[in-house]
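Engineer: CSV, C-alpha atoms, file protein.csv:
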```csv
chain,number,residue,atom,x,y,z
W,1,MET,CA,81.5,68.5,-5.6
W,2,LEU,CA,80.8,70.2,-8.9
W,3,PRO,CA,81.3,68.2,-12.1
W,4,CYS,CA,84.6,68.7,-13.8
W,5,ALA,CA,82.8,69.1,-17.1
W,6,ASP,CA,84.6,70.2,-20.2
W,7,ARG,CA,87.5,72.0,-18.5
W,8,CYS,CA,89.3,68.8,-17.3
W,9,ARG,CA,91.7,67.9,-20.0
W,10,CYS,CA,92.8,64.7,-18.4
W,11,ARG,CA,89.2,63.6,-17.6
W,12,CYS,CA,90.2,62.4,-14.2
W,13,GLY,CA,86.9,63.6,-12.7
W,14,ARG,CA,88.7,65.6,-10.1
W,15,ILE,CA,88.3,69.3,-9.7
W,16,SER,CA,90.4,71.8,-7.9
W,17,LYS,CA,88.4,74.5,-6.2
W,18,ARG,CA,89.4,77.6,-4.3
W,19,ASN,CA,87.4,80.3,-2.7
W,20,VAL,CA,87.0,83.8,-4.1
W,21,ALA,CA,89.6,85.3,-1.7
W,22,GLN,CA,92.3,82.8,-2.9
W,23,ALA,CA,91.4,83.5,-6.5
W,24,PHE,CA,91.5,87.2,-6.0
W,25,ARG,CA,94.9,86.9,-4.2
W,26,GLU,CA,96.2,85.4,-7.4
W,27,TRP,CA,94.5,87.9,-9.7
W,28,VAL,CA,95.9,90.9,-7.9
W,29,SER,CA,99.1,89.2,-7.1
W,30,THR,CA,100.3,88.5,-3.5
W,31,ASN,CA,101.3,92.0,-2.7
W,32,ALA,CA,99.0,94.7,-4.1
W,33,SER,CA,100.7,97.5,-2.3
W,34,GLU,CA,103.8,97.2,-4.5
W,35,ILE,CA,102.3,96.4,-7.8
W,36,GLU,CA,100.2,98.8,-9.8
W,37,LEU,CA,96.6,97.7,-10.1
W,38,LYS,CA,94.9,97.6,-13.4
W,39,PRO,CA,91.5,99.4,-13.6
W,40,GLU,CA,89.6,96.1,-13.9
W,41,GLN,CA,91.4,94.7,-10.8
W,42,ALA,CA,90.5,97.8,-8.8
W,43,LEU,CA,86.8,97.6,-9.9
W,44,LEU,CA,86.6,94.0,-9.0
W,45,TRP,CA,88.3,94.6,-5.6
W,46,ARG,CA,85.8,97.3,-4.8
W,47,TYR,CA,82.8,95.0,-5.5
W,48,LEU,CA,84.3,92.0,-3.8
W,49,ALA,CA,85.0,94.1,-0.7
W,50,THR,CA,81.4,95.3,-0.7
W,51,VAL,CA,79.9,91.8,-1.0
W,52,PHE,CA,82.3,90.1,1.4
W,53,ALA,CA,82.5,92.8,4.0
W,54,ASP,CA,80.3,90.8,6.4
W,55,ASP,CA,82.2,87.5,6.0
W,56,ARG,CA,85.7,88.8,6.6
W,57,ASN,CA,85.8,88.0,10.3
W,58,ASP,CA,84.6,84.4,9.9
W,59,ALA,CA,87.1,83.3,7.3
W,60,ASP,CA,90.4,82.9,9.3
W,61,GLY,CA,92.2,85.6,7.4
W,62,GLN,CA,91.2,84.4,4.0
W,63,PHE,CA,89.9,87.9,3.2
W,64,ASP,CA,93.0,89.7,4.3
W,65,VAL,CA,93.9,90.5,0.7
W,66,LEU,CA,90.5,92.2,0.3
W,67,PHE,CA,90.7,94.1,3.6
W,68,PRO,CA,94.3,95.0,4.2
W,69,ASP,CA,95.6,97.0,7.2
W,70,VAL,CA,95.5,100.8,6.9
W,71,PRO,CA,99.3,101.4,6.2
W,72,THR,CA,99.1,98.8,3.4
W,73,PHE,CA,96.0,100.4,2.0
W,74,ASN,CA,97.5,103.9,2.3
W,75,ASP,CA,100.5,102.6,0.2
W,76,VAL,CA,98.0,101.3,-2.4
W,77,LEU,CA,96.2,104.7,-2.5
W,78,ARG,CA,99.5,106.6,-2.8
W,79,LEU,CA,100.7,104.3,-5.6
W,80,HIS,CA,97.6,105.0,-7.6
W,81,ALA,CA,97.4,108.8,-6.8
W,82,GLU,CA,97.7,109.6,-10.5
W,83,ASN,CA,95.1,107.2,-11.8
W,84,ASP,CA,91.7,108.8,-11.3
W,85,PHE,CA,89.6,105.7,-12.2
W,86,VAL,CA,91.6,103.3,-9.9
W,87,LEU,CA,91.5,105.8,-7.1
W,88,ARG,CA,87.7,106.2,-7.4
W,89,GLN,CA,87.4,102.4,-7.1
W,90,LEU,CA,89.7,102.2,-4.1
W,91,LEU,CA,88.3,104.9,-2.0
W,92,PRO,CA,85.0,103.2,-1.1
W,93,ILE,CA,87.0,100.1,0.1
W,94,ALA,CA,88.3,102.2,3.0
W,95,ALA,CA,84.8,102.2,4.5
W,96,PHE,CA,85.1,98.5,5.1
W,97,LEU,CA,88.5,98.5,6.8
W,98,ASP,CA,89.2,98.2,10.5
W,99,ILE,CA,90.5,101.7,11.2
W,100,ASP,CA,91.7,102.7,14.7
W,101,GLU,CA,92.6,106.2,15.9
W,102,ALA,CA,96.2,106.1,14.5
W,103,GLY,CA,94.9,104.7,11.2
W,104,ARG,CA,92.3,107.3,11.0
W,105,ARG,CA,94.8,110.1,11.4
W,106,GLN,CA,97.2,108.5,8.8
W,107,MET,CA,94.4,108.1,6.3
W,108,SER,CA,93.1,111.6,6.9
W,109,ALA,CA,96.6,113.1,6.4
W,110,LEU,CA,97.0,111.1,3.2
W,111,LEU,CA,93.6,112.2,1.8
W,112,CYS,CA,94.4,115.9,2.5
W,113,GLU,CA,97.7,115.4,0.7
W,114,LEU,CA,96.0,113.7,-2.3
W,115,VAL,CA,93.4,116.5,-2.6
W,116,ARG,CA,96.2,119.1,-2.6
W,117,CYS,CA,98.2,117.1,-5.2
W,118,ARG,CA,95.1,116.7,-7.4
W,119,CYS,CA,94.2,120.3,-7.2
W,120,PHE,CA,97.7,121.5,-8.1
W,121,SER,CA,97.9,119.2,-11.1
W,122,TRP,CA,95.6,121.5,-13.0
W,123,PRO,CA,95.6,125.2,-11.9
W,124,ILE,CA,99.0,126.1,-13.2
W,125,LYS,CA,98.4,124.7,-16.6
W,126,THR,CA,94.8,125.8,-17.0
W,127,LEU,CA,95.4,129.3,-15.7
W,128,ALA,CA,98.2,129.7,-18.2
W,129,ASP,CA,95.8,128.6,-20.9
W,130,SER,CA,93.2,131.1,-19.7
W,131,LEU,CA,90.4,128.6,-19.2
W,132,GLU,CA,87.2,129.5,-17.4
W,133,PRO,CA,86.9,128.4,-13.7
W,134,ALA,CA,84.0,126.1,-14.7
W,135,GLN,CA,86.3,124.1,-16.9
W,136,LEU,CA,88.7,123.5,-14.0
W,137,MET,CA,86.3,121.0,-12.3
W,138,SER,CA,85.0,119.2,-15.3
W,139,PRO,CA,84.8,115.4,-14.9
W,140,ASN,CA,87.6,115.0,-17.4
W,141,THR,CA,90.2,116.7,-15.2
W,142,PRO,CA,92.1,114.6,-12.7
W,143,ALA,CA,90.0,116.3,-10.0
W,144,ALA,CA,87.1,114.0,-10.4
W,145,ALA,CA,88.1,111.8,-7.4
W,146,VAL,CA,88.3,114.9,-5.1
W,147,SER,CA,84.6,114.7,-4.1
W,148,ASP,CA,85.1,111.0,-3.2
W,149,MET,CA,88.1,111.9,-1.1
W,150,ALA,CA,86.2,114.6,0.7
W,151,LEU,CA,83.3,112.2,1.4
W,152,LEU,CA,85.7,109.6,2.8
W,153,LEU,CA,87.4,112.3,4.9
W,154,GLU,CA,84.0,113.2,6.3
W,155,LYS,CA,83.3,109.6,7.1
W,156,LEU,CA,86.6,109.1,8.8
W,157,GLN,CA,86.1,112.0,11.1
W,158,GLY,CA,82.6,110.8,12.1
W,159,SER,CA,81.1,113.1,14.6
W,160,ASP,CA,84.2,115.2,15.1
W,161,ILE,CA,83.1,118.2,13.2
W,162,THR,CA,85.8,120.4,14.6
W,163,GLU,CA,88.6,118.3,13.4
W,164,LEU,CA,86.9,117.9,10.0
W,165,THR,CA,86.5,121.7,9.7
W,166,ARG,CA,90.1,122.2,10.7
W,167,LEU,CA,91.3,119.7,8.0
W,168,VAL,CA,89.1,121.2,5.3
W,169,LEU,CA,90.2,124.7,6.1
W,170,ALA,CA,93.8,123.7,6.1
W,171,VAL,CA,93.4,122.1,2.6
W,172,ILE,CA,91.5,125.1,1.3
W,173,ASP,CA,94.2,127.5,2.7
W,174,SER,CA,97.0,125.4,1.2
W,175,ILE,CA,95.3,125.5,-2.2
W,176,GLN,CA,94.1,129.2,-2.1
W,177,THR,CA,97.3,130.9,-1.0
W,178,PRO,CA,99.4,129.9,-4.0
W,179,LEU,CA,96.4,130.6,-6.3
W,180,LYS,CA,96.1,134.1,-4.9
W,181,GLN,CA,99.8,134.5,-5.4
W,182,LEU,CA,99.5,133.3,-8.9
W,183,HIS,CA,96.7,135.8,-9.6
W,184,THR,CA,98.6,138.7,-8.0
W,185,ASP,CA,101.8,137.8,-10.0
W,186,GLU,CA,99.8,137.7,-13.2
W,187,ALA,CA,98.0,141.0,-12.6
W,188,LYS,CA,101.4,142.6,-11.7
W,189,GLN,CA,102.9,141.4,-14.9
W,190,ARG,CA,100.0,142.6,-17.0
W,191,PHE,CA,100.2,146.0,-15.3
W,192,GLN,CA,103.9,146.3,-16.0
W,193,ALA,CA,103.4,145.4,-19.6
W,194,ILE,CA,100.7,148.0,-20.0
W,195,GLN,CA,102.9,150.6,-18.3
W,196,ALA,CA,105.7,149.8,-20.7
W,197,ARG,CA,103.5,150.1,-23.7
W,198,LEU,CA,102.1,153.4,-22.5
W,199,GLN,CA,105.6,154.8,-22.1
W,200,GLU,CA,106.4,153.7,-25.6
W,201,ILE,CA,103.3,155.5,-27.0
W,202,MET,CA,104.1,158.7,-25.1
W,203,GLU,CA,107.6,158.7,-26.5
W,204,GLN,CA,106.3,158.2,-30.0
W,205,VAL,CA,103.7,161.1,-29.6
W,206,HIS,CA,106.5,163.3,-28.2
W,207,GLU,CA,108.7,162.6,-31.2
W,208,LEU,CA,105.8,163.3,-33.6
W,209,ASN,CA,105.1,166.6,-31.9
W,210,ILE,CA,108.7,167.7,-32.4
W,211,THR,CA,108.6,166.7,-36.1
W,212,LYS,CA,105.3,168.5,-36.5
W,213,ALA,CA,106.8,171.7,-35.0
W,214,GLU,CA,109.7,171.4,-37.4
W,215,CYS,CA,107.3,171.0,-40.3
W,216,VAL,CA,105.4,174.1,-39.3
W,217,GLN,CA,108.6,176.0,-39.0
W,218,ARG,CA,109.5,174.9,-42.6
W,219,GLU,CA,106.0,175.8,-43.6
W,220,ASP,CA,105.4,172.2,-44.7
W,221,PHE,CA,101.7,172.3,-43.6
W,222,LYS,CA,100.7,169.2,-45.6
W,223,THR,CA,103.1,166.9,-43.6
W,224,ALA,CA,102.2,168.7,-40.4
W,225,LYS,CA,98.5,168.0,-41.0
W,226,ARG,CA,99.2,164.3,-41.6
W,227,ILE,CA,101.3,164.1,-38.4
W,228,LYS,CA,98.5,165.8,-36.4
W,229,ALA,CA,96.0,163.2,-37.7
W,230,VAL,CA,98.3,160.4,-36.7
W,231,CYS,CA,98.7,161.9,-33.2
W,232,THR,CA,94.9,162.3,-32.8
W,233,ASN,CA,94.3,158.7,-33.8
A,234,MET,CA,76.6,98.6,-26.1
A,235,LEU,CA,74.7,95.4,-26.5
A,236,LEU,CA,75.7,94.0,-23.1
A,237,HIS,CA,74.5,97.2,-21.3
A,238,SER,CA,71.1,96.9,-23.1
A,239,GLY,CA,70.8,93.3,-22.1
A,240,LEU,CA,71.7,93.9,-18.4
A,241,THR,CA,69.3,96.8,-18.1
A,242,ASP,CA,66.4,95.4,-20.1
A,243,ARG,CA,63.0,95.8,-18.5
A,244,VAL,CA,62.1,92.2,-19.2
A,245,ARG,CA,63.5,89.9,-16.5
A,246,ALA,CA,63.9,86.9,-18.9
A,247,VAL,CA,66.2,89.0,-21.2
A,248,ARG,CA,68.3,90.1,-18.2
A,249,ASP,CA,68.6,86.5,-17.0
A,250,VAL,CA,69.7,85.3,-20.4
A,251,CYS,CA,72.3,88.1,-20.6
A,252,VAL,CA,73.6,87.3,-17.1
A,253,LYS,CA,73.8,83.6,-18.1
A,254,MET,CA,75.7,84.5,-21.2
A,255,LEU,CA,78.1,86.7,-19.2
A,256,CYS,CA,78.7,84.3,-16.3
A,257,ASP,CA,78.6,81.0,-18.2
A,258,SER,CA,79.8,81.5,-21.7
A,259,TRP,CA,82.0,84.6,-21.6
A,260,LEU,CA,83.6,83.9,-18.2
A,261,LYS,CA,84.4,80.3,-19.3
A,262,SER,CA,86.0,81.7,-22.5
A,263,CYS,CA,88.2,83.9,-20.2
A,264,ASP,CA,89.3,80.8,-18.2
A,265,MET,CA,87.0,81.7,-15.4
A,266,ASN,CA,89.0,84.8,-14.7
A,267,PRO,CA,86.7,87.8,-14.3
A,268,ILE,CA,89.6,90.3,-14.5
A,269,GLN,CA,90.3,89.0,-18.0
A,270,LEU,CA,86.7,89.4,-18.9
A,271,LEU,CA,86.6,93.0,-17.5
A,272,TYR,CA,89.7,93.8,-19.4
A,273,TYR,CA,87.9,92.9,-22.7
A,274,LEU,CA,85.0,95.1,-21.6
A,275,ASN,CA,87.4,98.1,-21.4
A,276,VAL,CA,86.2,99.3,-17.9
A,277,GLU,CA,87.6,102.8,-18.2
A,278,ASP,CA,85.7,103.7,-21.4
A,279,ASN,CA,82.6,101.7,-20.6
A,280,GLU,CA,82.3,102.3,-16.9
A,281,ALA,CA,78.6,101.9,-16.6
A,282,THR,CA,78.5,98.6,-18.4
A,283,ALA,CA,81.6,97.3,-16.5
A,284,VAL,CA,79.9,98.2,-13.2
A,285,LEU,CA,76.8,96.2,-14.1
A,286,ALA,CA,78.9,93.3,-15.4
A,287,THR,CA,81.0,93.3,-12.2
A,288,GLU,CA,77.9,93.3,-10.0
A,289,GLU,CA,76.6,90.2,-11.8
A,290,LEU,CA,80.0,88.5,-11.8
A,291,VAL,CA,80.5,89.0,-8.1
A,292,ARG,CA,76.9,87.9,-7.4
A,293,PHE,CA,77.7,84.7,-9.4
A,294,MET,CA,80.9,84.1,-7.6
A,295,ARG,CA,79.2,84.6,-4.2
A,296,ALA,CA,76.4,82.3,-5.2
A,297,SER,CA,78.8,79.5,-6.1
A,298,ASN,CA,80.6,80.2,-2.8
A,299,LEU,CA,83.6,78.1,-3.8
A,300,TYR,CA,85.0,79.3,-7.0
A,301,GLU,CA,85.6,76.7,-9.6
A,302,GLN,CA,89.0,76.7,-11.2
A,303,ARG,CA,90.2,74.8,-14.2
A,304,CYS,CA,91.1,71.3,-13.3
A,305,LEU,CA,94.8,70.6,-12.8
A,306,PRO,CA,96.1,67.7,-14.8
A,307,CYS,CA,96.3,64.6,-12.6
A,308,ALA,CA,99.5,62.5,-12.1
A,309,GLU,CA,98.7,59.7,-14.5
```
For this file, produce the structure as structure tokens.
Structural biologist:
Amino acid sequence: MLPCADRCRCRCGRISKRNVAQAFREWVSTNASEIELKPEQALLWRYLATVFADDRNDADGQFDVLFPDVPTFNDVLRLHAENDFVLRQLLPIAAFLDIDEAGRRQMSALLCELVRCRCFSWPIKTLADSLEPAQLMSPNTPAAAVSDMALLLEKLQGSDITELTRLVLAVIDSIQTPLKQLHTDEAKQRFQAIQARLQEIMEQVHELNITKAECVQREDFKTAKRIKAVCTN
Amino acid sequence: MLLHSGLTDRVRAVRDVCVKMLCDSWLKSCDMNPIQLLYYLNVEDNEATAVLATEELVRFMRASNLYEQRCLPCAE
């Protein structure tokens, strides 16, 4: 037993000890799927899961909190969908979970949904601000976790390339279609605005031509010359 | 950041002293709670340093196997 040292206020010589899993259970609270994790909790969870991955089956469920079942873990992912840092810490943990066929499907569907949500959090705003496409995928945008999600999706599908291709194409399609629509709408609006302006200019030129003709009739050549210059410009 | 320089120093002795300071002194100051310590390191803004510190903390916790907690006051 380790010496109680300077932390024992009562100097009784006893010490209470607990293992890492018990300690972590208290740090992240008993039910992580309902409580929002702080960035430092997510980071520590990721590293503890990495280190204790081999011990989980020998510890009589002590590590359950580090390696929850897939539905619980999906709830945790969904809860932190907005927090890029936490999400990037949580995604690697999935590699250590026991995932069956149903769990694999559930998690794949969730990842596709998260990628879609992530992608749609920026295009509407950034397109409106006329940013360059390169800026859309900068690490500062909430899309930074997308590559991690794609890698996890690939890992989940394993050797099933057909299913992976189908999922990726479905995600790309669901992102691209509204973007195309957005581009088309924008181009249409710009074309209509140009047409309206052109019509306006044509009317002004027509009015000036009439005025010029009147000036010529009145033999006011000076004004007629000025109007002609305006029309030419 | 000083901690980052210490944990990535090319001299092993410097790294060891830095790890000792992190796991012994700083962790004790945080009531042996690594989450509290990581909170002070501001993990989101100093991710690289926080990752290094977390690796060392987890290694320390694993090495000690049973994680020592502050002693509870006894009945008397």
Engineer: Which residues are close to stretch 95-102 of chain W, i.e. within 12 Å by all atoms listed in the file, leaving aside same-chain residues fewer than 5 positions away? Reply as a CSV table (one decimal) with C-alpha atoms, in the frame of the given file.
Structural biologist:
```csv
chain,number,residue,atom,x,y,z
W,45,TRP,CA,88.3,94.6,-5.6
W,46,ARG,CA,85.8,97.3,-4.8
W,47,TYR,CA,82.8,95.0,-5.5
W,48,LEU,CA,84.3,92.0,-3.8
W,49,ALA,CA,85.0,94.1,-0.7
W,50,THR,CA,81.4,95.3,-0.7
W,51,VAL,CA,79.9,91.8,-1.0
W,52,PHE,CA,82.3,90.1,1.4
W,53,ALA,CA,82.5,92.8,4.0
W,54,ASP,CA,80.3,90.8,6.4
W,55,ASP,CA,82.2,87.5,6.0
W,56,ARG,CA,85.7,88.8,6.6
W,57,ASN,CA,85.8,88.0,10.3
W,63,PHE,CA,89.9,87.9,3.2
W,64,ASP,CA,93.0,89.7,4.3
W,65,VAL,CA,93.9,90.5,0.7
W,66,LEU,CA,90.5,92.2,0.3
W,67,PHE,CA,90.7,94.1,3.6
W,68,PRO,CA,94.3,95.0,4.2
W,69,ASP,CA,95.6,97.0,7.2
W,70,VAL,CA,95.5,100.8,6.9
W,71,PRO,CA,99.3,101.4,6.2
W,72,THR,CA,99.1,98.8,3.4
W,73,PHE,CA,96.0,100.4,2.0
W,74,ASN,CA,97.5,103.9,2.3
W,89,GLN,CA,87.4,102.4,-7.1
W,90,LEU,CA,89.7,102.2,-4.1
W,107,MET,CA,94.4,108.1,6.3
W,108,SER,CA,93.1,111.6,6.9
W,109,ALA,CA,96.6,113.1,6.4
W,148,ASP,CA,85.1,111.0,-3.2
W,149,MET,CA,88.1,111.9,-1.1
W,151,LEU,CA,83.3,112.2,1.4
W,152,LEU,CA,85.7,109.6,2.8
W,153,LEU,CA,87.4,112.3,4.9
W,154,GLU,CA,84.0,113.2,6.3
W,155,LYS,CA,83.3,109.6,7.1
W,156,LEU,CA,86.6,109.1,8.8
W,157,GLN,CA,86.1,112.0,11.1
W,158,GLY,CA,82.6,110.8,12.1
```
Engineer: At a cut-off of 10 Å, using all atoms listed in the file, what residues contact A:Val250? Leave out same-chain residues fewer than 6 positions from it and give the result as a PyMOL selection string.
Structural biologist: chain A and resi 239-240+256
Engineer: Which is closer to chain W than all the others in A:Met254, A:Leu235, A:Ala296, A:Val247, using all atoms listed in the file?
Structural biologist: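 Under the stated criterion, the closest residue is A:Ala296.
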Engineer: Please provide as a count of residues only all residues within 10 Å of A:Leu271, with the sequence filter that same-chain residues fewer than 4 positions apart are discarded (counting only C-alpha atoms).
Structural biologist: 18
Engineer: Quick one: of A:His237, A:Tyr272, A:Asn279, A:Leu255, who's nearest to chain W, counting all atoms listed in the file?
Structural biologist: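 Answer, going by the shortest atom-to-atom distance: A:Tyr272.
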Engineer: Do you have the atom CA of W:Lys180-atom CA of W:Asn83 distance handy?
Structural biologist: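 According to the coordinates, atom CA of W:Lys180 and atom CA of W:Asn83 are separated by 27.8 Å.
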Engineer: Counting only C-alpha atoms, which of A:Leu285, A:Val244, A:Val252, A:Met294 gets nearest to chain W?
Structural biologist: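 The shortest atom-to-atom distance to chain W comes from A:Met294.
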Engineer: Distance atom CA of W:Ile35-atom CA of A:Ser297, one decimal place?
Structural biologist: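 Atom-to-atom, atom CA of W:Ile35 and atom CA of A:Ser297 are spaced 29.0 Å apart.
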Engineer: Between atom CA of W:Asp84 and atom CA of A:Tyr273, what distance in Å does the model show, to one decimal?
Structural biologist: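 Atom CA of A:Tyr273 lies at a distance of 19.9 Å from atom CA of W:Asp84.
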Engineer: Find, counting only C-alpha atoms, the residue in A:Ile268, A:Asp257, A:Glu280, A:Phe293 that gets nearest to chain W.
Structural biologist: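 Going through A:Ile268, A:Asp257, A:Glu280, A:Phe293 one by one, the smallest distance to chain W is for A:Ile268.
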Engineer: Taking only C-alpha atoms into account, which of A:Ala246, A:Gln269, A:Ala281, A:Ser258 comes nearest chain W?
Structural biologist: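 Closest residue, counting only C-alpha atoms: A:Gln269.
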Engineer: Can you sort out stretch 275-299 of chain A so it carries N, CA and C atoms, written as a compact mmCIF listing (two decimals), keeping the file's coordinate frame?
Structural biologist:
```txt
# COMPACT_ATOMS: atom_id res chain seq x y z
N ASN A 275 86.76 96.74 -21.37
CA ASN A 275 87.40 98.10 -21.40
C ASN A 275 86.68 98.97 -20.30
N VAL A 276 86.95 98.68 -19.06
CA VAL A 276 86.20 99.30 -17.90
C VAL A 276 86.31 100.82 -17.88
N GLU A 277 87.44 101.36 -18.31
CA GLU A 277 87.60 102.80 -18.20
C GLU A 277 86.70 103.57 -19.19
N ASP A 278 86.55 103.02 -20.39
CA ASP A 278 85.70 103.70 -21.40
C ASP A 278 84.26 103.32 -21.29
N ASN A 279 83.96 102.16 -20.72
CA ASN A 279 82.60 101.70 -20.60
C ASN A 279 82.26 101.43 -19.11
N GLU A 280 82.43 102.46 -18.31
CA GLU A 280 82.30 102.30 -16.90
C GLU A 280 80.97 101.74 -16.43
N ALA A 281 79.91 102.31 -16.99
CA ALA A 281 78.60 101.90 -16.60
C ALA A 281 78.31 100.43 -16.85
N THR A 282 78.69 99.99 -18.03
CA THR A 282 78.50 98.60 -18.40
C THR A 282 79.39 97.69 -17.54
N ALA A 283 80.64 98.14 -17.33
CA ALA A 283 81.60 97.30 -16.50
C ALA A 283 81.08 97.18 -15.09
N VAL A 284 80.47 98.24 -14.55
CA VAL A 284 79.90 98.20 -13.20
C VAL A 284 78.81 97.15 -13.10
N LEU A 285 77.91 97.20 -14.10
CA LEU A 285 76.80 96.20 -14.10
C LEU A 285 77.33 94.80 -14.25
N ALA A 286 78.30 94.63 -15.15
CA ALA A 286 78.90 93.30 -15.40
C ALA A 286 79.57 92.80 -14.09
N THR A 287 80.30 93.71 -13.42
CA THR A 287 81.00 93.30 -12.20
C THR A 287 80.04 92.89 -11.12
N GLU A 288 78.95 93.64 -11.00
CA GLU A 288 77.90 93.30 -10.00
C GLU A 288 77.42 91.85 -10.23
N GLU A 289 77.16 91.54 -11.51
CA GLU A 289 76.60 90.20 -11.80
C GLU A 289 77.70 89.14 -11.60
N LEU A 290 78.94 89.46 -11.98
CA LEU A 290 80.00 88.50 -11.80
C LEU A 290 80.25 88.18 -10.32
N VAL A 291 80.24 89.24 -9.51
CA VAL A 291 80.50 89.00 -8.10
C VAL A 291 79.30 88.27 -7.46
N ARG A 292 78.09 88.59 -7.91
CA ARG A 292 76.90 87.90 -7.40
C ARG A 292 77.04 86.37 -7.78
N PHE A 293 77.50 86.12 -8.98
CA PHE A 293 77.70 84.70 -9.40
C PHE A 293 78.74 84.03 -8.60
N MET A 294 79.84 84.72 -8.34
CA MET A 294 80.90 84.10 -7.60
C MET A 294 80.48 83.84 -6.14
N ARG A 295 79.69 84.77 -5.60
CA ARG A 295 79.20 84.60 -4.20
C ARG A 295 78.21 83.43 -4.16
N ALA A 296 77.37 83.34 -5.18
CA ALA A 296 76.40 82.30 -5.20
C ALA A 296 77.03 80.91 -5.26
N SER A 297 78.12 80.81 -6.02
CA SER A 297 78.80 79.50 -6.10
C SER A 297 79.70 79.27 -4.92
N ASN A 298 79.87 80.31 -4.07
CA ASN A 298 80.60 80.20 -2.80
C ASN A 298 82.08 79.77 -3.10
N LEU A 299 82.24 78.52 -3.45
CA LEU A 299 83.60 78.10 -3.80
C LEU A 299 83.73 78.30 -5.32
```
